Amino acid sequence: MDALTLELLNGVSLFAILAIVALGLGIVFGLMGVINLAHGEFVMLGAYVAYVVHTVGLNHWLSVPLAAVVLFVLGVVIEVGLIRRIHRQPELTILATFGLSVCLRQIAELVFSKDFQSVPNPVPGATRAFGVLFPTYRYLLIAIAAVIVAATLLAFTRSRFGLVVRAIVADRDLAESAGIRTGMTNLCAFGVGAATAGIAGALVAPLGAVEPQAGLAYLPGAFLVVIVGGYNRLWGVAVGALAVAAVQTGVIHFYDAVWAQIASLALAVLVLQFRRPTPAGAVA
Amino acid sequence: MKRPLSYGATAAVAAAVASVTLGDFRAGQLSLFLSLAVLAVSLDLVWGYAGILSLGQLLPFGIAAYTTARMAAAAPALTLPALLVGTLVGATVAAGVGIAAFRRRPTPVVIGLLTLVLSLTLEQVAEQWRDVTGGFNGLTDIPRITAFGSEWSDSAQDLFISVVAVLVITCVGLLVSRPIGAVLIGIRDNERRMEALGYDTVALKVWVFTVGGAVAGLAGALYVHRTGFVSPQIFGFALATNVVLWTLVGGRGTIIGPVIGTLAINFATATLADVWLQYWTLATGVIFVAAVALVPEGLVPSLLRMAGRPPRRSRDLPLSATAPTIAAGSGSAVFEATGVDKTFGFFKVLDNVTLTMDEPELRCLIGPNGAGKSTLLDILCGQQDCQNGSITMLRRDCTGLKAWEFARHGVSRKFQSPQVIGSLSVAENIAVAAWGADPSPWRLTFAAWEAPVPQASLRILERTGLDARAGSGAGGLSHGDKQWLEIAMAMAGHCRVLLLDEPTAGMTAAESLAAAELLREVHTDYGLPVLIVEHDMAFIRAVADRVTVLARGSLLADGTVAEVENAPEVVAVYGGVDR
Amino acid sequence: MRLEATDLRSGYGTVPVLHGVSLTVSSGEIVALVGRNGAGKTTLVRTVLGVLRSTGGALHLDGVDITRMPPSRRVRAGLRATFQERALFGALTVSDNLRLSGFGSESHDRMLDAFGPALSGRGSQRTGTLSGGEQKMLAAAIALSTDASLLVMDEPTEGLQPSNVALLGDHIESARDAGRGVLLIEQHLELAKRLADRFIVLEKGEIVDSGPASDPDLAARVARRLLI
């Protein structure tokens with residue numbers, strides 16, 4: 001019974017991480033139709049922000065807003081300098097962000113070296129709840145992720161910005177015709193997507209090694225979430241993250257992480273078999 | 001046929017000479033990079049030619065490499081047959097991925113992501129499955145190729161690998177220079193048009209992905225003998241990025257481009273990496289981004305264009321006349337669509353529409369915007385399904401069949417905006433259309449560059465002057481010429497009933513009347529049944545035997561042009577007087 | 001305020017639709033643009049608004065060159081258009097559609113009431129669940145309620161019941177009387193005759209006839225061209 005509870009808690013914290021990593025990917029893809037292959041590197045840079053905050057002796061929690069700001073600015077620069085030129089050609093954006101991810105990893109390596117760095121857990125220790133001991137930081141992580149995902153979903157369903165975003169997703173031309181500056185919104189979307197990646201990176205930094213290749217680890221999971229969840233609704237990201245996390249946790253419980261990855265891949269392929277086919281030659 | 005073969009033979013000799021004269025170190029580099037060039041060319045075949053963005057070309061490559069390595073360790077005497085096994089393994093892996101991924105036509109983005117995630121997952125599998133893969137460190141001390149009773153020396157093996165790699169690349173070059181190459185380009189440029197010509201594009205994509213997998217598999221088998229070890233990183237992100245980079249920078253859609261890209265970047269890496277490793281990797285990333293943003297076409301095609309040559313030479317080819325178009329025959333039903341319903345969301349586009357053509361005739365379908373005309377035409381040729389109703393074409397129940405099955409049954413379609421294959425010449429467009437009647441990929445690999453074309457199609461080409469421009473690229477034609485080329489394409493295959501969607505869109509009044517005359521002529525001379533969606537009444541008066549009026553998803557009127565024009569309900573819909 | 005199109009050309013992909021259209025719409029004037037299906041009327045609306053990029057010619061709004069501006073900037077410069085189809089966000093509520101066009105929620109009820117019983121009190125309803133005619137009315141209501149000085153309306157009365165056609169006509173007239181310019185694409189000939197100061201006839205992407213609405217010969221020619 002306790003083992004099961006622990007497994008469930010692990011699953012929930014995995015879901016929290018997946019959801020928050022995939023959130024930014026989903027915002028950018030849902031709104032702009034751009035798959036950002038450098039998203040994992042944004043997460044990695046967020047983790048380095050946490051590392052820098054730690055080395056200069058500041059409080060870890062400061063790194064979360066700081067990472068959001070740093071990555072937002074980086075996202076804006078990349079949108080203006082690169083994505084804006086090619087965002088109507090999905091294939092090119094994949095390739096450009098593919099190249100971008102190489103650049104960002106290498107810049108991180110040049111600045112911080114290849115060495116594994118660690119960020120100490122700001123809230124060491126465990127909390128006893130539901131009859132089991134579970135790391136307190138992970139509880140916090142779950143809570144923060146829930147707040148961020150819920151806040152984002154609320155922002156996109158309740159605020160004027162959310163209204164504008166939904167209008168653009170529904171029909172870009174019509175939104176422009178209502179006087180909405182879609183170019184500006186794209187800029188914000190890419191910035192916000194990058195910022196959530198930065199937040200995710202800062203939050204997970206204490207859980208593992210901080211290193212230039214760290215972003216790669218998040219990539220497969222996040223992409224599977226986007227494939228499973230469908231690609232134009234933010235709720236899809238939440239559902240996709242839930243499905244992938246459930247499959248992964250379930251399989252990890254019985255087998256191991258690799259089988260978990262294979263199982264979620266199988267889920268993605270299965271979902272593809274039942275998705276309505278795109279008509280031949282349909283290009284955005 | 002001759003050019004790729006002579007280039008290939010020259011390159012093979014050059015590779016052999018280089019391998020012997022350059023010294024062991026350079027010869028080793030050459031064989032390593034050439035085996036990687038084979039991998040790049042396999043990506044080029046599926047991406048550059050058939051348009052499938054595969055970020056997981058390492059899947060067949062790596063699995064074949066592991067298989068070959070295990071076989072070489074287990075049975076050193078059988079290393080040469082093991083190369084073939086590697087090829088087959090690559091093909092099998094790719095076929096499996098293709099079948100799982102392409103069936104529901106996901107967008108290129110999804111295919112790219114899925115293949116990438118597959119590859120990255122396999123990297124983890126290879127790390128974990130220690131019994132078979134040797135885990136994180138991989139398999140080492142893989143023997144060199146053994147044949148004729150002894151293990152070869154390094155230099156002999158380098159010579160062998162270099163020459164085989166060049167020969168394989170030549171074979172791919174030969175393949176894409178065959179008719180199947182034009183068909184693959186057709187799928188890349190315009191999948192919808194190809195389906196409407198009778199090509200089962202999903203099956204063809206699986207086929208080319210399988211062939212690409214075989215080539216990548218052989219590349220993996222050669223590579224593993226050259227390096228002497230294989231580790232999980234063979235599936236990793238770094239190599240996945242690099243092979244796309246080589247192909248992209250060199251120029252996809254050409255065979256020589258990816259080879260040059262692979263050799264140039266790898267020799268540069270080998271030279272610069274010692275002194276400059278970190279900055280060089282950063283530089284490759286920057287080159288990648290810059291290449292996408294500035295020369296997305298690739299270097300070789302861009303240079304060729306600057307020199308005033310198209311990257312792919314447009315081809316003229318003999319189009320021989322076959323017997324006149326087979327008419328459906330008088331007295332037999334041409335088509336019969338009964339009780340057709342179609343809704344998009346909550347919007348009912350077609351409401352219980354019944355449209356029949358009993359005798360071969362020239363029929364026009366008219367109606368206001370949003371009446372459902374194009375949708376009905378789509379349903380009559382399988383481009384869209386309908387919710388209810390049955391479709392009988394040329395006395396066969398076609399309800400629920402796919403677009404390419406309609407086309408092979410003899411239902412040809414011209415789309416509203418002209419859909420031709422821009423990268424091919426006029427003659428190639430017609431030939432691709434004609435081959436659609438019997439489009440097996442193996443047949444098209446070995447078939448001659450010639451096409452039997454029905455007289456009706458040739459007549460259109462002659463009368464519009466397109467026959468004089470058979471060798472020029474279809475992408476550069478004027479709008480009106482594209483319209484005619486597409487009509488000729490629709491008639492070039494196994495065409496027994498022709499559906500035309502707004503053939504005079506973009507034509508002047510005089511051109512429209514000339515079009516009416518030509519269509520009437522083809523109809524009377526060859527007995528071809530034609531259904532035309534049109535707005536232009538002058539054209540309709542000149543062309544139509546009979547007119548059917550559709551309004552808001554229902555049949556409104558049917559009869560001769562004069563009858564329909566004077567029907568009060570039609571006047572009401574068009575004039576808007578009585579609303 | 002004045003809209004001026006000079007030798008305007010555009011099309012879809014490589015398909016040319018407008019072959020050089022020149023027209024002006026002045027303040028306090030209703031210009032009716034008529035023509036058969038496929039003449040290029042909707043293409044003209046889309047090009048004027050900038051949703052479709054022009055391939056040649058120029059567009060000026062009150063002397064300012066707007067040819068290269070994205071639609072949102074044209075809207076901010078005082079241009080507003082209603083489309084024939086898909087004119088609203090069907091998945092959003094009526095109020096949300098109003099908010100997107102910049103109306104504060106305090107003004108919604110007053111706006112909807114002004115357009116008669118069809119829209120009155122429907123603010124919280126999902127727009128896609130309104131009937132086709134009600135949606136047309138709403139789209140027209142939004143455009144007419146903005147402070148845009150130049151309106152382009154693509155078949156605003158298509159699918160409206162006669163009483164609403166009359167009501168909408170009154171609103172368009174009062175927009176004209178308030179000094180706004182209106183380019184009206186209208187198949188409903190009776191209404192066009194009632195409202196328009198001038199007629200322009202489009203055929204195969206070119207202007208083939210035009211003149212003041214008071215010219216009886218022109219009215220007869222227009223009627224003939226519109227009937228098949």
# chains A, B, ... in the order shown; residues from 1 in each chain; ligands from 1
>>> select_by_dssp(residues="stretch 9-217 of chain A", states="strand (DSSP E)", output="PyMOL selection string")
chain A and resi 126-129+132-135
>>> write_last_selection(atoms="C-alpha atoms", output="PDB file, in the first residue's frame")
ATOM      1  CA  ALA A 126      11.070  14.818   3.582  1.00  0.00           C
ATOM      2  CA  THR A 127       7.531  15.230   4.660  1.00  0.00           C
ATOM      3  CA  ARG A 128       5.373  12.439   6.017  1.00  0.00           C
ATOM      4  CA  ALA A 129       1.953  12.422   4.475  1.00  0.00           C
ATOM      5  CA  VAL A 132       4.856   7.743   3.464  1.00  0.00           C
ATOM      6  CA  LEU A 133       7.933   9.937   3.483  1.00  0.00           C
ATOM      7  CA  PHE A 134       8.311  11.970   0.301  1.00  0.00           C
ATOM      8  CA  PRO A 135      10.851  14.742  -0.407  1.00  0.00           C
TER       9      PRO A 135
END
>>> closest_atom_pairs(of="stretch 134-196 of chain A", to="stretch 70-92 of chain C", cutoff="10 Å", atoms="only C-alpha atoms", output="tab-separated table")
residue	atom	partner	partner_atom	distance
A:Leu163	CA	C:Leu92	CA	8.6
A:Arg166	CA	C:Leu92	CA	8.7
A:Ala167	CA	C:Phe89	CA	6.8
A:Ile168	CA	C:Phe89	CA	9.7
A:Ala170	CA	C:Phe89	CA	7.2
A:Asp171	CA	C:Phe89	CA	7.7
A:Asp173	CA	C:Pro71	CA	8.1
A:Leu174	CA	C:Ala87	CA	7.1
A:Ala175	CA	C:Ser72	CA	8.1
A:Glu176	CA	C:Ser72	CA	4.8
A:Ser177	CA	C:Pro71	CA	5.5
A:Ala178	CA	C:Ser72	CA	6.9
A:Gly179	CA	C:Ser72	CA	4.0
A:Ile180	CA	C:Ser72	CA	5.5
A:Arg181	CA	C:Ser72	CA	5.5
A:Thr182	CA	C:Ser72	CA	8.0
A:Gly183	CA	C:Pro70	CA	9.4
>>> interface_residues(of="chain B", to="chain A", cutoff="6 Å", atoms="only C-alpha atoms", output="PyMOL selection string")
chain B and resi 104-105+117+191-192+282+285+288-289+292
>>> closest_residue(among="C:Gly133, C:Gly50, C:Gly159, C:Gly28", to="chain B", atoms="only C-alpha atoms")
C:Gly159
>>> atom_distance(atom1="atom CA of C:Leu150", atom2="atom CA of C:Leu112")
21.2 Å
>>> select_by_dssp(residues="stretch 86-275 of chain B", states="helix (DSSP H, G or I)", output="VMD selection string")
chain B and resid 86 to 102 108 to 128 130 to 133 135 to 137 154 to 176 179 to 189 191 to 196 201 to 227 232 to 235 237 to 250 256 to 275
>>> write_last_selection(atoms="C-alpha atoms", output="tab-separated table (two decimals), in the first residue's frame")
chain	number	residue	atom	x	y	z
B	86	GLY	CA	22.53	-5.07	-42.52
B	87	THR	CA	20.90	-3.68	-45.64
B	88	LEU	CA	17.86	-5.90	-45.19
B	89	VAL	CA	17.60	-5.02	-41.50
B	90	GLY	CA	17.67	-1.33	-42.39
B	91	ALA	CA	14.91	-1.85	-44.94
B	92	THR	CA	12.77	-3.81	-42.48
B	93	VAL	CA	13.13	-1.22	-39.72
B	94	ALA	CA	12.24	1.61	-42.09
B	95	ALA	CA	9.26	-0.29	-43.51
B	96	GLY	CA	7.90	-0.80	-39.99
B	97	VAL	CA	8.33	2.86	-39.08
B	98	GLY	CA	6.80	3.95	-42.38
B	99	ILE	CA	3.74	1.76	-42.01
B	100	ALA	CA	3.15	2.94	-38.44
B	101	ALA	CA	3.74	6.59	-39.17
B	102	PHE	CA	2.41	7.43	-42.64
B	108	PRO	CA	5.63	16.65	-41.82
B	109	VAL	CA	6.20	18.15	-38.39
B	110	VAL	CA	4.72	15.13	-36.62
B	111	ILE	CA	6.72	12.71	-38.78
B	112	GLY	CA	9.89	14.63	-38.01
B	113	LEU	CA	9.22	14.61	-34.27
B	114	LEU	CA	8.14	10.99	-34.17
B	115	THR	CA	11.19	9.71	-36.02
B	116	LEU	CA	13.45	11.83	-33.84
B	117	VAL	CA	11.88	10.57	-30.61
B	118	LEU	CA	12.12	6.98	-31.92
B	119	SER	CA	15.82	7.44	-32.50
B	120	LEU	CA	16.42	9.01	-29.09
B	121	THR	CA	14.44	6.23	-27.43
B	122	LEU	CA	16.56	3.65	-29.16
B	123	GLU	CA	19.65	5.35	-27.78
B	124	GLN	CA	18.30	4.63	-24.30
B	125	VAL	CA	17.37	1.09	-25.22
B	126	ALA	CA	20.89	0.50	-26.51
B	127	GLU	CA	22.31	1.79	-23.24
B	128	GLN	CA	20.13	-0.52	-21.16
B	130	ARG	CA	23.63	-4.66	-22.19
B	131	ASP	CA	23.49	-8.34	-23.21
B	132	VAL	CA	22.99	-7.45	-26.83
B	133	THR	CA	24.39	-3.95	-27.25
B	135	GLY	CA	25.43	-1.06	-22.86
B	136	PHE	CA	26.82	2.44	-22.60
B	137	ASN	CA	30.28	1.55	-23.92
B	154	ASP	CA	43.05	-1.44	-42.98
B	155	SER	CA	44.00	-0.04	-46.35
B	156	ALA	CA	42.27	-2.83	-48.27
B	157	GLN	CA	39.14	-2.32	-46.22
B	158	ASP	CA	39.27	1.47	-46.72
B	159	LEU	CA	39.57	0.96	-50.47
B	160	PHE	CA	36.63	-1.46	-50.43
B	161	ILE	CA	34.40	0.79	-48.30
B	162	SER	CA	35.15	3.88	-50.38
B	163	VAL	CA	34.39	2.14	-53.66
B	164	VAL	CA	31.23	0.43	-52.38
B	165	ALA	CA	29.99	3.71	-50.91
B	166	VAL	CA	30.46	5.49	-54.22
B	167	LEU	CA	28.70	2.65	-56.05
B	168	VAL	CA	25.73	2.76	-53.66
B	169	ILE	CA	25.46	6.52	-54.06
B	170	THR	CA	25.57	5.98	-57.83
B	171	CYS	CA	22.72	3.47	-57.55
B	172	VAL	CA	20.59	6.02	-55.68
B	173	GLY	CA	21.50	8.57	-58.35
B	174	LEU	CA	20.36	6.09	-61.01
B	175	LEU	CA	17.14	5.42	-59.13
B	176	VAL	CA	16.13	9.06	-58.95
B	179	PRO	CA	10.69	7.58	-63.95
B	180	ILE	CA	10.16	6.73	-60.29
B	181	GLY	CA	12.34	9.77	-59.45
B	182	ALA	CA	9.87	12.05	-61.22
B	183	VAL	CA	7.01	10.34	-59.39
B	184	LEU	CA	8.69	10.91	-56.01
B	185	ILE	CA	9.19	14.58	-56.85
B	186	GLY	CA	5.52	14.68	-57.77
B	187	ILE	CA	4.58	13.40	-54.32
B	188	ARG	CA	6.88	15.95	-52.70
B	189	ASP	CA	5.50	18.85	-54.73
B	191	GLU	CA	0.57	14.89	-53.10
B	192	ARG	CA	-3.06	15.70	-53.80
B	193	ARG	CA	-2.50	15.91	-57.55
B	194	MET	CA	-0.63	12.59	-57.49
B	195	GLU	CA	-3.49	10.87	-55.67
B	196	ALA	CA	-5.93	12.23	-58.21
B	201	THR	CA	0.90	8.02	-52.21
B	202	VAL	CA	0.94	6.49	-48.73
B	203	ALA	CA	2.17	3.15	-50.12
B	204	LEU	CA	4.74	4.92	-52.30
B	205	LYS	CA	6.04	6.84	-49.30
B	206	VAL	CA	6.41	3.61	-47.35
B	207	TRP	CA	8.23	2.15	-50.36
B	208	VAL	CA	10.73	4.99	-50.68
B	209	PHE	CA	11.22	5.07	-46.90
B	210	THR	CA	12.03	1.36	-47.09
B	211	VAL	CA	14.52	1.85	-49.91
B	212	GLY	CA	16.05	4.74	-47.97
B	213	GLY	CA	16.24	2.44	-44.94
B	214	ALA	CA	18.10	-0.18	-46.97
B	215	VAL	CA	20.64	2.40	-48.10
B	216	ALA	CA	21.03	3.71	-44.54
B	217	GLY	CA	21.37	0.11	-43.34
B	218	LEU	CA	24.22	-0.56	-45.75
B	219	ALA	CA	25.81	2.73	-44.67
B	220	GLY	CA	25.63	1.54	-41.05
B	221	ALA	CA	27.19	-1.81	-41.93
B	222	LEU	CA	30.10	-0.13	-43.74
B	223	TYR	CA	30.51	2.46	-41.00
B	224	VAL	CA	30.77	-0.08	-38.21
B	225	HIS	CA	33.57	-1.97	-39.96
B	226	ARG	CA	35.43	1.25	-40.53
B	227	THR	CA	35.19	2.54	-36.96
B	232	PRO	CA	24.42	4.01	-28.29
B	233	GLN	CA	25.44	7.48	-29.45
B	234	ILE	CA	24.92	6.20	-32.98
B	235	PHE	CA	21.22	6.96	-32.33
B	237	PHE	CA	20.96	13.78	-31.05
B	238	ALA	CA	24.42	14.89	-32.20
B	239	LEU	CA	24.64	12.57	-35.20
B	240	ALA	CA	20.94	13.10	-35.97
B	241	THR	CA	21.60	16.83	-36.16
B	242	ASN	CA	24.71	16.41	-38.23
B	243	VAL	CA	23.30	14.20	-40.95
B	244	VAL	CA	20.47	16.69	-41.48
B	245	LEU	CA	23.05	19.49	-41.56
B	246	TRP	CA	25.19	17.80	-44.23
B	247	THR	CA	22.17	17.16	-46.42
B	248	LEU	CA	20.70	20.61	-45.91
B	249	VAL	CA	23.93	22.52	-46.52
B	250	GLY	CA	24.93	20.43	-49.53
B	256	ILE	CA	25.96	15.27	-55.32
B	257	GLY	CA	24.95	18.02	-52.84
B	258	PRO	CA	24.68	15.86	-49.70
B	259	VAL	CA	27.90	14.02	-50.67
B	260	ILE	CA	29.79	17.29	-50.98
B	261	GLY	CA	28.16	18.57	-47.80
B	262	THR	CA	29.18	15.45	-45.86
B	263	LEU	CA	32.77	15.37	-47.10
B	264	ALA	CA	33.37	19.10	-46.75
B	265	ILE	CA	31.94	19.48	-43.26
B	266	ASN	CA	33.58	16.30	-41.99
B	267	PHE	CA	37.02	17.09	-43.38
B	268	ALA	CA	36.67	20.58	-41.91
B	269	THR	CA	35.62	19.11	-38.58
B	270	ALA	CA	38.53	16.67	-38.57
B	271	THR	CA	41.00	19.43	-39.36
B	272	LEU	CA	39.64	22.13	-37.10
B	273	ALA	CA	38.30	20.06	-34.25
B	274	ASP	CA	41.73	19.27	-32.75
B	275	VAL	CA	42.60	22.88	-32.19
>>> closest_residue(among="C:Ser214, C:Ser54, C:Thr146, C:Ser131", to="chain B", atoms="only C-alpha atoms")
C:Ser131
>>> residues_around(residues="B:Leu498", least_positions_apart="6", cutoff="8 Å", atoms="only C-alpha atoms", output="list in words")
Val411, Ser412, Arg413, Lys414, Ala490, Met491, Leu528, Pro529, Val530 and Leu531 of chain B
>>> residues_around(residues="C:Phe103", least_positions_apart="3", cutoff="12 Å", atoms="only C-alpha atoms", output="ChimeraX atom specification")
/A:160,178-179 /C:94-100,106-112,141-143,145-147
>>> write_last_selection(atoms="C-alpha atoms", output="mmCIF file, in the first residue's frame")
data_model
loop_
_atom_site.group_PDB
_atom_site.id
_atom_site.type_symbol
_atom_site.label_atom_id
_atom_site.label_comp_id
_atom_site.auth_asym_id
_atom_site.auth_seq_id
_atom_site.Cartn_x
_atom_site.Cartn_y
_atom_site.Cartn_z
ATOM 1 C CA ARG A 160 -7.991 39.724 -22.630
ATOM 2 C CA ALA A 178 -10.418 43.020 -35.919
ATOM 3 C CA GLY A 179 -7.337 45.147 -35.365
ATOM 4 C CA VAL C 94 -20.977 37.393 -28.683
ATOM 5 C CA SER C 95 -19.521 39.602 -25.937
ATOM 6 C CA ASP C 96 -16.031 38.216 -26.533
ATOM 7 C CA ASN C 97 -16.341 39.046 -30.213
ATOM 8 C CA LEU C 98 -17.266 42.579 -29.236
ATOM 9 C CA ARG C 99 -14.347 42.780 -26.801
ATOM 10 C CA LEU C 100 -11.934 41.635 -29.511
ATOM 11 C CA GLU C 106 -20.456 48.475 -20.615
ATOM 12 C CA SER C 107 -21.322 49.313 -24.228
ATOM 13 C CA HIS C 108 -22.358 45.815 -25.320
ATOM 14 C CA ASP C 109 -26.041 45.856 -24.420
ATOM 15 C CA ARG C 110 -26.614 49.264 -25.951
ATOM 16 C CA MET C 111 -24.894 48.171 -29.166
ATOM 17 C CA LEU C 112 -26.864 44.968 -29.493
ATOM 18 C CA ALA C 141 -23.265 45.716 -36.206
ATOM 19 C CA ILE C 142 -19.672 45.456 -35.014
ATOM 20 C CA ALA C 143 -18.279 47.200 -38.078
ATOM 21 C CA SER C 145 -20.423 50.544 -34.250
ATOM 22 C CA THR C 146 -16.682 51.122 -34.512
ATOM 23 C CA ASP C 147 -15.387 54.576 -35.208
#
>>> atom_distance(atom1="atom CA of C:Thr6", atom2="atom CA of C:Leu23")
6.8 Å
>>> interface_residues(of="chain C", to="chain B", cutoff="12 Å", atoms="only C-alpha atoms", output="ChimeraX atom specification")
/C:10-19,34-42,84-86,90,128-132,155,157-163,165,186-193,203-206,222-228
>>> closest_residue(among="A:Gly125, A:Ala246, A:Val119, A:Val69", to="A:Gly208", atoms="only C-alpha atoms")
A:Val119
>>> atom_distance(atom1="atom CA of A:Ile199", atom2="atom CA of A:Gly57")
19.1 Å
>>> residues_around(residues="B:Phe406", least_positions_apart="3", cutoff="8 Å", atoms="only C-alpha atoms", output="short mmCIF file (atom, residue, chain, number, x, y, z; two decimals) with C-alpha atoms, in the first residue's frame")
data_model
loop_
_atom_site.label_atom_id
_atom_site.label_comp_id
_atom_site.auth_asym_id
_atom_site.auth_seq_id
_atom_site.Cartn_x
_atom_site.Cartn_y
_atom_site.Cartn_z
CA ALA B 196 -5.93 12.23 -58.21
CA GLY B 198 -4.01 7.19 -59.42
CA CYS B 381 -13.75 11.64 -57.28
CA GLY B 382 -13.09 10.40 -53.75
CA CYS B 398 -17.27 3.45 -55.60
CA LEU B 401 -13.09 4.28 -52.10
CA LYS B 402 -9.99 6.43 -51.96
CA ALA B 403 -9.09 9.14 -54.46
CA HIS B 409 -11.17 3.41 -62.27
CA GLY B 410 -11.16 6.21 -64.83
CA VAL B 411 -12.40 9.26 -62.91
CA SER B 412 -10.11 12.22 -63.66
#
>>> residues_around(residues="C:Asp113", least_positions_apart="6", cutoff="12 Å", atoms="only C-alpha atoms", output="ChimeraX atom specification")
/C:107,119-123,137-138,141,145
>>> residues_around(residues="B:Leu355", least_positions_apart="5", cutoff="9 Å", atoms="only C-alpha atoms", output="list in words")
Phe335, Glu336, Ala337, Thr338, Gly339, Val340, Thr548 and Leu555 of chain B
>>> closest_residue(among="C:Ser101, C:Ser27, C:Gln135, C:Thr127", to="chain A", atoms="only C-alpha atoms")
C:Ser101
>>> closest_residue(among="A:Gly26, A:Pro212, A:Gly162, A:Gly236", to="chain C", atoms="only C-alpha atoms")
A:Gly162
